[in-house]
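Asker: Take a look at input.cif, mmCIF, C-alpha atoms:
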data_my_file
#
loop_
_atom_site.label_atom_id
_atom_site.label_comp_id
_atom_site.auth_asym_id
_atom_site.auth_seq_id
_atom_site.Cartn_x
_atom_site.Cartn_y
_atom_site.Cartn_z
CA MET F 1 68.02 -105.80 -64.82
CA THR F 2 64.61 -104.73 -63.53
CA ASP F 3 62.00 -104.31 -66.28
CA TYR F 4 60.99 -100.73 -67.04
CA ASP F 5 59.08 -98.71 -69.62
CA VAL F 6 60.50 -95.67 -71.38
CA LEU F 7 58.13 -92.79 -72.16
CA ARG F 8 58.63 -89.41 -73.78
CA VAL F 9 56.64 -86.74 -71.97
CA PHE F 10 55.61 -83.29 -73.25
CA CYS F 11 56.13 -84.23 -76.89
CA GLY F 12 55.72 -81.64 -79.64
CA PRO F 13 52.66 -81.50 -81.94
CA SER F 14 54.16 -84.06 -84.33
CA GLY F 15 54.96 -86.50 -81.51
CA GLY F 16 58.68 -85.73 -81.49
CA TYR F 17 60.91 -84.44 -78.73
CA GLY F 18 59.65 -84.77 -75.15
CA ASN F 19 61.63 -85.69 -72.04
CA GLU F 20 62.43 -89.37 -71.54
CA LEU F 21 61.10 -91.03 -68.39
CA GLY F 22 61.81 -94.47 -66.96
CA VAL F 23 58.89 -96.19 -65.18
CA VAL F 24 59.34 -99.36 -63.14
CA ARG F 25 55.78 -100.67 -62.98
CA GLU F 26 56.57 -103.32 -60.35
CA GLY F 27 58.24 -101.18 -57.73
CA SER F 28 57.84 -103.95 -55.16
CA LEU F 29 60.66 -105.83 -56.90
CA LEU F 30 63.04 -103.06 -55.83
CA PRO F 31 61.68 -101.75 -52.50
CA GLY F 32 64.83 -100.25 -50.99
CA ARG F 33 65.65 -96.57 -51.54
CA ASP F 34 69.33 -97.29 -52.09
CA ASP F 35 68.54 -99.86 -54.77
CA ARG F 36 66.10 -97.48 -56.45
CA GLN F 37 68.62 -94.68 -56.39
CA ALA F 38 71.26 -96.96 -57.89
CA LEU F 39 68.94 -97.99 -60.73
CA ALA F 40 67.92 -94.38 -61.43
CA ALA F 41 71.61 -93.46 -61.65
CA LYS F 42 72.31 -96.40 -63.96
CA LEU F 43 69.41 -95.59 -66.30
CA GLY F 44 70.43 -91.94 -66.44
CA PHE F 45 67.02 -90.43 -67.21
CA SER F 46 66.28 -87.03 -65.68
CA GLU F 47 63.74 -88.94 -63.57
CA THR F 48 62.77 -92.56 -62.96
CA VAL F 49 59.46 -93.55 -61.34
CA PHE F 50 58.83 -96.63 -59.20
CA VAL F 51 55.15 -97.62 -59.01
CA ASP F 52 54.35 -98.99 -55.55
CA ASP F 53 50.60 -99.41 -56.07
CA PRO F 54 49.33 -99.19 -59.67
CA GLU F 55 45.64 -99.21 -58.71
CA ARG F 56 45.93 -96.38 -56.17
CA GLY F 57 48.64 -94.55 -58.14
CA VAL F 58 51.29 -94.60 -55.41
CA ILE F 59 54.64 -93.59 -56.91
CA ASP F 60 58.22 -92.84 -55.88
CA ILE F 61 60.40 -90.50 -58.02
CA TYR F 62 64.21 -90.36 -58.37
CA THR F 63 66.71 -88.29 -60.34
CA PRO F 64 70.11 -89.91 -60.99
CA ALA F 65 71.28 -88.37 -57.71
CA SER F 66 68.32 -87.88 -55.36
CA ARG F 67 64.71 -88.71 -54.41
CA LEU F 68 61.98 -86.15 -55.16
CA ALA F 69 58.72 -85.62 -53.30
CA PHE F 70 57.12 -84.36 -56.52
CA ALA F 71 58.08 -83.75 -60.14
CA GLY F 72 56.02 -82.74 -63.16
CA HIS F 73 57.04 -84.83 -66.15
CA PRO F 74 57.16 -88.08 -64.12
CA CYS F 75 53.61 -87.47 -62.89
CA VAL F 76 52.27 -86.64 -66.37
CA GLY F 77 53.94 -89.69 -67.89
CA THR F 78 52.88 -92.10 -65.15
CA ALA F 79 49.32 -90.72 -65.18
CA TRP F 80 49.14 -91.54 -68.90
CA LEU F 81 50.63 -95.01 -68.39
CA LEU F 82 48.47 -96.06 -65.42
CA ASP F 83 45.26 -94.18 -66.39
CA VAL F 84 44.26 -93.53 -62.77
CA PRO F 85 42.29 -90.54 -61.39
CA GLU F 86 45.10 -89.49 -59.08
CA LEU F 87 48.70 -90.16 -58.16
CA ILE F 88 49.92 -90.33 -54.58
CA THR F 89 53.34 -88.76 -54.09
CA PRO F 90 55.20 -87.90 -50.88
CA ALA F 91 54.24 -84.25 -51.49
CA GLY F 92 50.51 -84.95 -51.78
CA GLU F 93 47.74 -86.26 -54.02
CA VAL F 94 48.12 -85.21 -57.66
CA GLY F 95 44.90 -85.06 -59.67
CA THR F 96 45.09 -86.48 -63.20
CA ARG F 97 42.92 -86.48 -66.31
CA LEU F 98 43.23 -87.52 -69.94
CA ASP F 99 41.77 -85.12 -72.49
CA GLY F 100 42.24 -86.18 -76.10
CA GLU F 101 45.93 -86.18 -76.95
CA PHE F 102 46.87 -84.43 -73.70
CA THR F 103 47.43 -85.84 -70.22
CA TRP F 104 47.00 -83.37 -67.35
CA ILE F 105 48.04 -83.26 -63.73
CA GLU F 106 46.93 -80.82 -61.03
CA ALA F 107 49.41 -79.94 -58.31
CA ARG F 108 50.54 -77.12 -56.03
CA ALA F 109 53.50 -74.81 -56.63
CA GLU F 110 54.86 -75.36 -53.12
CA TRP F 111 55.36 -79.04 -53.95
CA ALA F 112 57.86 -78.23 -56.70
CA PRO F 113 61.57 -78.33 -55.87
CA PRO F 114 63.23 -74.90 -55.76
CA ARG F 115 63.99 -73.38 -59.15
CA THR F 116 65.51 -70.07 -60.23
CA LEU F 117 63.11 -68.61 -62.81
CA ARG F 118 65.24 -66.28 -64.93
CA GLN F 119 63.51 -64.11 -67.52
CA TYR F 120 65.25 -62.97 -70.70
CA ALA F 121 64.29 -60.22 -73.11
CA SER F 122 63.74 -62.47 -76.12
CA ALA F 123 63.41 -66.07 -77.22
CA ALA F 124 66.62 -65.63 -79.24
CA GLU F 125 68.53 -64.90 -76.03
CA VAL F 126 67.20 -68.10 -74.48
CA ASP F 127 68.16 -70.05 -77.61
CA ALA F 128 71.71 -68.69 -77.45
CA LEU F 129 72.38 -69.73 -73.84
CA THR F 130 75.16 -72.16 -73.05
CA VAL F 131 75.00 -74.65 -70.18
CA PRO F 132 75.97 -72.84 -66.96
CA PRO F 133 78.29 -74.42 -64.37
CA PRO F 134 76.69 -76.70 -61.75
CA GLY F 135 75.19 -75.15 -58.65
CA GLU F 136 71.90 -73.43 -59.41
CA TRP F 137 68.74 -74.97 -60.96
CA ILE F 138 67.88 -72.41 -63.64
CA TYR F 139 64.70 -72.16 -65.71
CA ALA F 140 65.49 -69.62 -68.43
CA TRP F 141 62.44 -68.20 -70.18
CA ALA F 142 61.23 -65.39 -72.40
CA TRP F 143 57.97 -64.36 -73.99
CA GLU F 144 57.52 -65.40 -77.61
CA ASP F 145 54.06 -63.81 -77.66
CA GLU F 146 52.99 -62.37 -74.32
CA ALA F 147 49.43 -61.62 -75.39
CA ALA F 148 48.94 -65.25 -76.43
CA GLY F 149 50.77 -66.67 -73.41
CA ARG F 150 53.47 -68.29 -75.55
CA VAL F 151 56.80 -68.86 -73.78
CA ARG F 152 60.23 -70.08 -74.90
CA ALA F 153 62.14 -71.87 -72.13
CA ARG F 154 65.20 -73.96 -71.39
CA ALA F 155 66.09 -75.73 -68.14
CA PHE F 156 69.50 -76.30 -66.58
CA PRO F 157 69.35 -78.54 -63.48
CA GLY F 158 72.88 -77.71 -62.35
CA ARG F 159 73.14 -80.88 -60.26
CA GLY F 160 76.31 -82.23 -61.83
CA ASP F 161 74.66 -85.64 -62.34
CA GLY F 162 75.02 -85.89 -66.12
CA ILE F 163 71.76 -84.08 -66.98
CA ASP F 164 73.12 -80.74 -68.22
CA GLU F 165 69.83 -79.61 -69.78
CA ASP F 166 66.33 -80.88 -69.08
CA GLU F 167 64.26 -81.22 -72.25
CA ALA F 168 60.88 -80.62 -70.56
CA THR F 169 60.24 -79.67 -66.94
CA GLY F 170 56.71 -79.78 -65.56
CA ALA F 171 57.56 -78.52 -62.07
CA ALA F 172 59.30 -75.41 -63.40
CA ALA F 173 56.36 -74.74 -65.75
CA LEU F 174 54.06 -75.05 -62.74
CA LEU F 175 56.13 -72.51 -60.79
CA LEU F 176 56.20 -70.06 -63.69
CA THR F 177 52.43 -70.36 -64.14
CA ASP F 178 51.88 -69.76 -60.44
CA ARG F 179 54.11 -66.68 -60.54
CA LEU F 180 52.50 -65.18 -63.67
CA GLY F 181 48.96 -66.21 -62.75
CA ARG F 182 47.94 -67.11 -66.29
CA ALA F 183 47.73 -70.03 -68.71
CA LEU F 184 50.89 -70.69 -70.71
CA ASN F 185 51.91 -72.53 -73.88
CA ILE F 186 55.60 -73.33 -73.37
CA THR F 187 58.10 -74.54 -75.95
CA GLN F 188 61.07 -75.98 -74.06
CA GLY F 189 64.33 -77.58 -75.07
CA ARG F 190 64.59 -78.68 -78.69
CA GLY F 191 60.84 -78.70 -79.33
CA SER F 192 58.84 -80.04 -76.39
CA GLN F 193 55.44 -78.49 -75.59
CA LEU F 194 53.93 -77.90 -72.15
CA LEU F 195 50.49 -76.42 -71.52
CA THR F 196 49.53 -74.96 -68.15
CA ALA F 197 46.56 -73.28 -66.49
CA PRO F 198 46.13 -71.83 -62.98
CA GLN F 199 43.22 -73.26 -61.01
CA PRO F 200 41.34 -72.05 -57.91
CA HIS F 201 42.81 -72.23 -54.41
CA GLY F 202 46.48 -72.36 -55.46
CA TRP F 203 46.35 -75.36 -57.78
CA VAL F 204 47.93 -75.44 -61.25
CA GLU F 205 47.28 -77.80 -64.15
CA VAL F 206 50.16 -78.94 -66.36
CA GLY F 207 49.53 -80.99 -69.48
CA GLY F 208 51.26 -82.52 -72.47
CA ARG F 209 51.49 -85.38 -74.92
CA VAL F 210 53.00 -88.72 -73.92
CA VAL F 211 54.48 -91.38 -76.21
CA LEU F 212 55.59 -94.88 -75.26
CA GLU F 213 59.15 -95.21 -76.48
CA ARG F 214 59.60 -98.84 -75.47
#
Represent the structure contained in this file as structure tokens.
Answerer:
Amino acid sequence: MTDYDVLRVFCGPSGGYGNELGVVREGSLLPGRDDRQALAAKLGFSETVFVDDPERGVIDIYTPASRLAFAGHPCVGTAWLLDVPELITPAGEVGTRLDGEFTWIEARAEWAPPRTLRQYASAAEVDALTVPPPGEWIYAWAWEDEAAGRVRARAFPGRGDGIDEDEATGAAALLLTDRLGRALNITQGRGSQLLTAPQPHGWVEVGGRVVLER
């Protein structure tokens, strides 16, 4: 078995929750896409990152079923782990910074995979949702406090790959921030926290806490 780290990304204020992420620091040991896809499927995390150049921050991201040009929680977690000023993904160069307990990335909404952003009238409605059938990638959200920018969200990938609900989804938070044009404080899943802020020229920052699980 190839060695890998397990992180939790977008943890809550107490350090709990967060979305698990697998990171293979020595991606050169598994260079083939088929082999990487097979390992990502075996590990079963919503995403697994293969680091191809730790000094330059070159990374390759996989779900259990497919390769992604960009994804939010893998970039935040890997930025924290490598402590580099940027990450190089197939979609483009992702800026990174560490600020106290938060790790931030800066990316563009058009890099994010397609998501259906579905607004509900209340946080209680989002809490009551059941997992929909596979087919559509749904980011269900509602205002908890619109004036304060506080959002309640849940994410349903709909890929049929064993990940019925995503605990914390940086790319979807990026898309929602781009659509609303304002900074957000998002509580997703069971208790994960994502912070976002629109930046000039179409960029969006997404930040959160990262914990090394093992």
Asker: Which residues would end up in the selection if the PyMOL selection byres ((chain F and resi 141) around 12) were applied here, given that I need the answer as a ChimeraX atom specification?
Answerer: /F:116-129,138-140,142-144,146,150-156,172-173,176-177,184-189
Asker: Evaluate the PyMOL selection byres ((chain F and resi 110) around 10) here and jot the selected residues down as a list in words.
Answerer: Phe70, Ala91, Ala107, Arg108, Ala109, Trp111, Ala112, Pro113, Pro114, Ala171, Leu174, Leu175, Asp178, Gly202 and Trp203 of chain F
Asker: Could you turn the residues from that selection into a file that holds C-alpha atoms, as a short mmCIF file (atom, residue, chain, number, x, y, z; two decimals), keeping the file's coordinate frame?
Answerer:
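File again-v2.cif, as written:
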data_model
loop_
_atom_site.label_atom_id
_atom_site.label_comp_id
_atom_site.auth_asym_id
_atom_site.auth_seq_id
_atom_site.Cartn_x
_atom_site.Cartn_y
_atom_site.Cartn_z
CA PHE F 70 57.12 -84.36 -56.52
CA ALA F 91 54.24 -84.25 -51.49
CA ALA F 107 49.41 -79.94 -58.31
CA ARG F 108 50.54 -77.12 -56.03
CA ALA F 109 53.50 -74.81 -56.63
CA TRP F 111 55.36 -79.04 -53.95
CA ALA F 112 57.86 -78.23 -56.70
CA PRO F 113 61.57 -78.33 -55.87
CA PRO F 114 63.23 -74.90 -55.76
CA ALA F 171 57.56 -78.52 -62.07
CA LEU F 174 54.06 -75.05 -62.74
CA LEU F 175 56.13 -72.51 -60.79
CA ASP F 178 51.88 -69.76 -60.44
CA GLY F 202 46.48 -72.36 -55.46
CA TRP F 203 46.35 -75.36 -57.78
#
Asker: Set up a box along x, y and z of the file covering all listed atoms of range 73-82 of chain F, add 8 Å on every one of the six sides, and write the centre and edge lengths in Å to one decimal, as AutoDock Vina command-line options.
Answerer:
--center_x 52.8 --center_y -90.4 --center_z -65.9 --size_x 24.7 --size_y 27.2 --size_z 22.0
Asker: Write out as a PyMOL selection string which residues come within 10 Å of range 24-39 of chain F when counting all atoms listed in the file, dropping same-chain ones fewer than 6 positions away.
Answerer: chain F and resi 1-6+48-54+58-67+78+81-82
Asker: Excluding range 131-136 of chain F and residues on its chain fewer than 4 positions from it, collect all residues at most 9 Å away from it, counting only C-alpha atoms, and give them as a list in words.
Answerer: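 The neighbour list is Arg115, Thr116, Phe156, Pro157, Gly158, Arg159, Gly160, Asp164 and Glu165 of chain F.
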Asker: Those selected residues, please, written with C-alpha atoms and delivered as a PDB file, keeping the file's coordinate frame.
Answerer:
ATOM      1  CA  ARG F 115      63.990 -73.380 -59.150  1.00  0.00           C
ATOM      2  CA  THR F 116      65.510 -70.070 -60.230  1.00  0.00           C
ATOM      3  CA  PHE F 156      69.500 -76.300 -66.580  1.00  0.00           C
ATOM      4  CA  PRO F 157      69.350 -78.540 -63.480  1.00  0.00           C
ATOM      5  CA  GLY F 158      72.880 -77.710 -62.350  1.00  0.00           C
ATOM      6  CA  ARG F 159      73.140 -80.880 -60.260  1.00  0.00           C
ATOM      7  CA  GLY F 160      76.310 -82.230 -61.830  1.00  0.00           C
ATOM      8  CA  ASP F 164      73.120 -80.740 -68.220  1.00  0.00           C
ATOM      9  CA  GLU F 165      69.830 -79.610 -69.780  1.00  0.00           C
TER      10      GLU F 165
END
Asker: Measure the distance from CA of Ile105 in chain F to CA of Leu87 in chain F in Å and round it to one decimal.
Answerer: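 Between these atoms lies a distance of 8.9 Å.
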Asker: In Å to one decimal, how far is CA of Gly15 in chain F from CA of Ile88 in chain F?
Answerer: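 CA of Gly15 in chain F lies 27.7 Å from CA of Ile88 in chain F.
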Asker: Between F:Leu212, F:Ile163, F:Val23, F:Gly207, single out the one closest to Asp99 in chain F, counting all atoms listed in the file.
Answerer: F:Gly207
Asker: Hey, could you make a per-residue contact list for range 135-168 of chain F against range 7-13 of chain F with 12 Å as the cut-off, showing the nearest pair of atoms and its distance in Å to one decimal, counting only C-alpha atoms, sorted by chain and number, as CSV?
Answerer:
residue,atom,partner,partner_atom,distance
F:Asp166,CA,F:Val9,CA,11.7
F:Glu167,CA,F:Phe10,CA,9.0
F:Ala168,CA,F:Phe10,CA,6.5
Asker: As an exercise, work out the distance from CA of His73 in chain F to CA of Pro200 in chain F in Å and give it to one decimal place.
Answerer: 21.9 Å
Asker: Care to translate the PyMOL selection byres ((chain F and resi 106) around 7) into actual residues of this file, as a list in words?
Answerer: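 Matching residues under the PyMOL selection byres ((chain F and resi 106) around 7) are Val94, Gly95, Thr96, Trp104, Ile105, Ala107, Trp203, Val204, Glu205 and Val206 of chain F.
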Asker: Which of these residues is nearest to Arg182 in chain F, using all atoms listed in the file: F:Gly149, F:Gly18, F:Gly162, F:Gly170?
Answerer: F:Gly149
Asker: Which is closest to Cys75 in chain F among F:Leu43, F:Ala197, F:Ala147, F:Leu21, if we use all atoms listed in the file?
Answerer: F:Leu21
